[in-house]
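S.K.: One structure follows; several queries about it will come next.
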Amino acid sequence: MTLFSATLIGRAGADPQLIATTSGKPMASVSAAVDQFRSGEKTAPLWIKVLTFGELATRLTKNVKKGHLFSVTGTVQTRTWLDKENKAQTTWEFMANNVVLLPNGPKPEATSTTETSETDTTPQIPDDMP
(Lines give C-alpha, C1' and ligand atoms only; values in the text may rest on other atoms or scores of the structure.)
Protein backbone atom coordinates (compact mmCIF):
# COMPACT_ATOMS: atom_id res chain seq x y z
CA MET A 1 0.00 0.00 0.00
CA THR A 2 1.32 3.41 -0.97
CA LEU A 3 0.26 6.58 0.84
CA PHE A 4 0.74 10.22 -0.04
CA SER A 5 -0.97 13.53 0.71
CA ALA A 6 -3.20 15.12 -1.89
CA THR A 7 -5.98 17.66 -2.43
CA LEU A 8 -8.76 17.28 -4.96
CA ILE A 9 -11.79 19.30 -6.01
CA GLY A 10 -14.81 17.51 -7.41
CA ARG A 11 -18.58 17.23 -7.50
CA ALA A 12 -20.49 14.61 -5.55
CA GLY A 13 -21.80 11.96 -7.91
CA ALA A 14 -24.53 11.02 -5.42
CA ASP A 15 -25.54 11.86 -1.86
CA PRO A 16 -22.91 10.49 0.56
CA GLN A 17 -23.70 7.19 2.24
CA LEU A 18 -23.25 7.02 6.04
CA ILE A 19 -22.58 3.67 7.70
CA ALA A 20 -20.94 2.51 10.92
CA THR A 21 -17.66 0.62 11.03
CA THR A 22 -17.47 -2.64 12.97
CA SER A 23 -16.36 -0.62 16.01
CA GLY A 24 -19.41 1.69 15.64
CA LYS A 25 -17.48 4.68 14.27
CA PRO A 26 -19.35 6.71 11.57
CA MET A 27 -17.95 6.38 8.05
CA ALA A 28 -19.18 8.23 4.95
CA SER A 29 -18.47 7.36 1.34
CA VAL A 30 -19.08 9.52 -1.74
CA SER A 31 -17.86 9.33 -5.34
CA ALA A 32 -16.34 12.58 -6.58
CA ALA A 33 -16.27 13.56 -10.26
CA VAL A 34 -12.98 15.39 -10.84
CA ASP A 35 -12.65 17.35 -14.08
CA GLN A 36 -9.74 16.46 -16.33
CA PHE A 37 -8.22 18.53 -19.11
CA ARG A 38 -5.91 17.38 -21.91
CA SER A 39 -4.40 19.86 -24.35
CA GLY A 40 -6.75 22.52 -23.01
CA GLU A 41 -9.85 20.40 -23.69
CA LYS A 42 -12.13 19.06 -20.97
CA THR A 43 -12.35 15.26 -21.03
CA ALA A 44 -14.49 12.73 -19.15
CA PRO A 45 -14.34 13.17 -15.37
CA LEU A 46 -12.18 10.96 -13.19
CA TRP A 47 -14.32 9.23 -10.52
CA ILE A 48 -12.68 8.94 -7.11
CA LYS A 49 -14.16 7.28 -4.02
CA VAL A 50 -13.82 9.59 -0.99
CA LEU A 51 -14.04 8.19 2.56
CA THR A 52 -14.39 10.14 5.81
CA PHE A 53 -14.67 8.99 9.42
CA GLY A 54 -16.05 10.22 12.74
CA GLU A 55 -17.59 13.69 13.05
CA LEU A 56 -16.28 14.61 9.58
CA ALA A 57 -18.33 11.74 8.11
CA THR A 58 -21.47 12.95 9.87
CA ARG A 59 -20.95 16.56 8.65
CA LEU A 60 -20.20 15.42 5.10
CA THR A 61 -23.45 13.42 4.99
CA LYS A 62 -25.51 16.35 6.28
CA ASN A 63 -23.99 19.04 4.05
CA VAL A 64 -22.95 17.48 0.72
CA LYS A 65 -25.56 16.41 -1.81
CA LYS A 66 -25.36 15.12 -5.39
CA GLY A 67 -23.78 17.77 -7.63
CA HIS A 68 -22.24 19.83 -4.81
CA LEU A 69 -18.69 21.05 -5.39
CA PHE A 70 -16.25 20.30 -2.58
CA SER A 71 -12.54 20.09 -1.84
CA VAL A 72 -10.90 17.35 0.20
CA THR A 73 -7.41 16.95 1.59
CA GLY A 74 -6.04 13.64 2.75
CA THR A 75 -4.22 10.53 1.62
CA VAL A 76 -4.74 8.16 -1.26
CA GLN A 77 -4.51 4.46 -0.69
CA THR A 78 -4.90 1.38 -2.83
CA ARG A 79 -6.73 -1.71 -1.75
CA THR A 80 -6.56 -5.03 -3.59
CA TRP A 81 -9.42 -7.52 -3.45
CA LEU A 82 -10.72 -10.56 -5.33
CA ASP A 83 -13.83 -10.24 -7.49
CA LYS A 84 -16.48 -12.92 -8.10
CA GLU A 85 -14.25 -14.51 -10.76
CA ASN A 86 -11.36 -14.66 -8.26
CA LYS A 87 -9.41 -12.01 -10.21
CA ALA A 88 -7.39 -9.42 -8.31
CA GLN A 89 -8.90 -5.92 -8.50
CA THR A 90 -7.37 -2.70 -7.22
CA THR A 91 -9.42 0.16 -5.81
CA TRP A 92 -8.10 3.67 -5.21
CA GLU A 93 -9.64 5.40 -2.21
CA PHE A 94 -9.20 8.96 -0.99
CA MET A 95 -9.10 9.03 2.83
CA ALA A 96 -10.15 12.63 3.60
CA ASN A 97 -9.09 14.37 6.81
CA ASN A 98 -10.47 17.77 5.72
CA VAL A 99 -13.51 18.71 3.62
CA VAL A 100 -14.36 22.21 2.40
CA LEU A 101 -17.69 22.97 0.73
CA LEU A 102 -17.22 25.27 -2.27
CA PRO A 103 -19.60 27.54 -4.15
CA ASN A 104 -21.20 25.52 -6.93
CA GLY A 105 -19.45 27.62 -9.55
CA PRO A 106 -20.84 29.16 -12.74
CA LYS A 107 -24.18 28.09 -14.14
CA PRO A 108 -23.84 25.30 -16.70
CA GLU A 109 -24.19 26.45 -20.29
CA ALA A 110 -27.53 25.80 -21.96
CA THR A 111 -27.57 22.69 -24.13
CA SER A 112 -29.97 24.25 -26.62
CA THR A 113 -29.49 27.46 -28.56
CA THR A 114 -33.22 28.13 -28.66
CA GLU A 115 -34.08 27.71 -24.97
CA THR A 116 -32.26 28.54 -21.76
CA SER A 117 -33.44 27.25 -18.39
CA GLU A 118 -32.96 29.72 -15.54
CA THR A 119 -34.36 27.37 -12.90
CA ASP A 120 -32.11 24.28 -12.97
CA THR A 121 -28.46 25.01 -12.22
CA THR A 122 -27.65 21.51 -10.96
CA PRO A 123 -24.92 19.87 -13.01
CA GLN A 124 -25.97 16.70 -14.78
CA ILE A 125 -24.09 13.74 -13.33
CA PRO A 126 -24.85 10.30 -14.76
CA ASP A 127 -26.68 7.85 -12.48
CA ASP A 128 -24.44 5.01 -13.64
CA MET A 129 -21.25 6.43 -12.14
CA PRO A 130 -18.88 3.91 -10.49
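By convention here, the chains of the C-alpha coordinates are called A, B, ... in the order presented, each chain's residues are numbered starting at 1, and ligands are numbered starting at 1 in the order presented.
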Give me the residues of stretch 40-102 of chain A that have any atom at most 9 Å from an atom of stretch 13-30 of chain A; for each, the nearest atom pair and the distance in Å, rounded to one decimal. Use only C-alpha atoms, sort by chain and number, and format it as a Markdown table.

M.R.:
| residue | atom | partner | partner_atom | distance |
| --- | --- | --- | --- | --- |
| A:Trp47 | CA | A:Gly13 | CA | 8.4 |
| A:Ile48 | CA | A:Val30 | CA | 8.4 |
| A:Lys49 | CA | A:Val30 | CA | 5.9 |
| A:Val50 | CA | A:Val30 | CA | 5.3 |
| A:Leu51 | CA | A:Ser29 | CA | 4.7 |
| A:Thr52 | CA | A:Ala28 | CA | 5.2 |
| A:Phe53 | CA | A:Met27 | CA | 4.4 |
| A:Gly54 | CA | A:Pro26 | CA | 5.0 |
| A:Glu55 | CA | A:Pro26 | CA | 7.4 |
| A:Leu56 | CA | A:Ala28 | CA | 8.4 |
| A:Ala57 | CA | A:Ala28 | CA | 4.8 |
| A:Thr58 | CA | A:Pro26 | CA | 6.8 |
| A:Leu60 | CA | A:Pro16 | CA | 7.2 |
| A:Thr61 | CA | A:Pro16 | CA | 5.3 |
| A:Lys62 | CA | A:Pro16 | CA | 8.6 |
| A:Val64 | CA | A:Asp15 | CA | 6.7 |
| A:Lys65 | CA | A:Asp15 | CA | 4.6 |
| A:Lys66 | CA | A:Ala14 | CA | 4.2 |
| A:Gly67 | CA | A:Gly13 | CA | 6.1 |
| A:His68 | CA | A:Gly13 | CA | 8.5 |

S.K.: Identify, on the basis of only C-alpha atoms, every residue whose closest approach to A:Gln89 does not exceed 6 Å; exclude the query and any residue fewer than 5 positions from it along the same chain; express the result as a PyMOL selection string.

M.R.: chain A and resi 80-82

S.K.: Which residues, written as a PyMOL selection string, have at least one atom at most 12 Å from stretch 35-40 of chain A, with only C-alpha atoms counted and residues fewer than 3 positions away on the same chain left out?

M.R.: chain A and resi 8-12+32+43-48+69

S.K.: Of the candidates A:Asn86, A:Ser31, A:Asn98, A:Thr91, which one gets nearest to A:Gly74 if we count only C-alpha atoms?

M.R.: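 That would be A:Asn98, the residue with the smallest distance to A:Gly74.
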
S.K.: Work out how far apart atom CA of A:Arg79 and atom CA of A:Thr7 are and give it in Å to one decimal.

M.R.: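 Here the two named atoms are 19.4 Å from each other.
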
S.K.: Quick check, in Å to one decimal: how far apart do atom CA of A:Arg59 and atom CA of A:Asn97 lie?

M.R.: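 Going from atom CA of A:Arg59 over to atom CA of A:Asn97 covers 12.2 Å.
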
S.K.: Rounded to one decimal place, report the atom CA of A:Leu101-atom CA of A:Ser71 distance in Å.

M.R.: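 It comes out at 6.4 Å.
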
S.K.: Could you check the closest approach to A:Phe94 for each of A:Val34, A:Lys42, A:Val76, A:Ala6 and tell me which residue wins, using only C-alpha atoms?

M.R.: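 When distances to A:Phe94 are compared using only C-alpha atoms, the smallest one comes from A:Val76.
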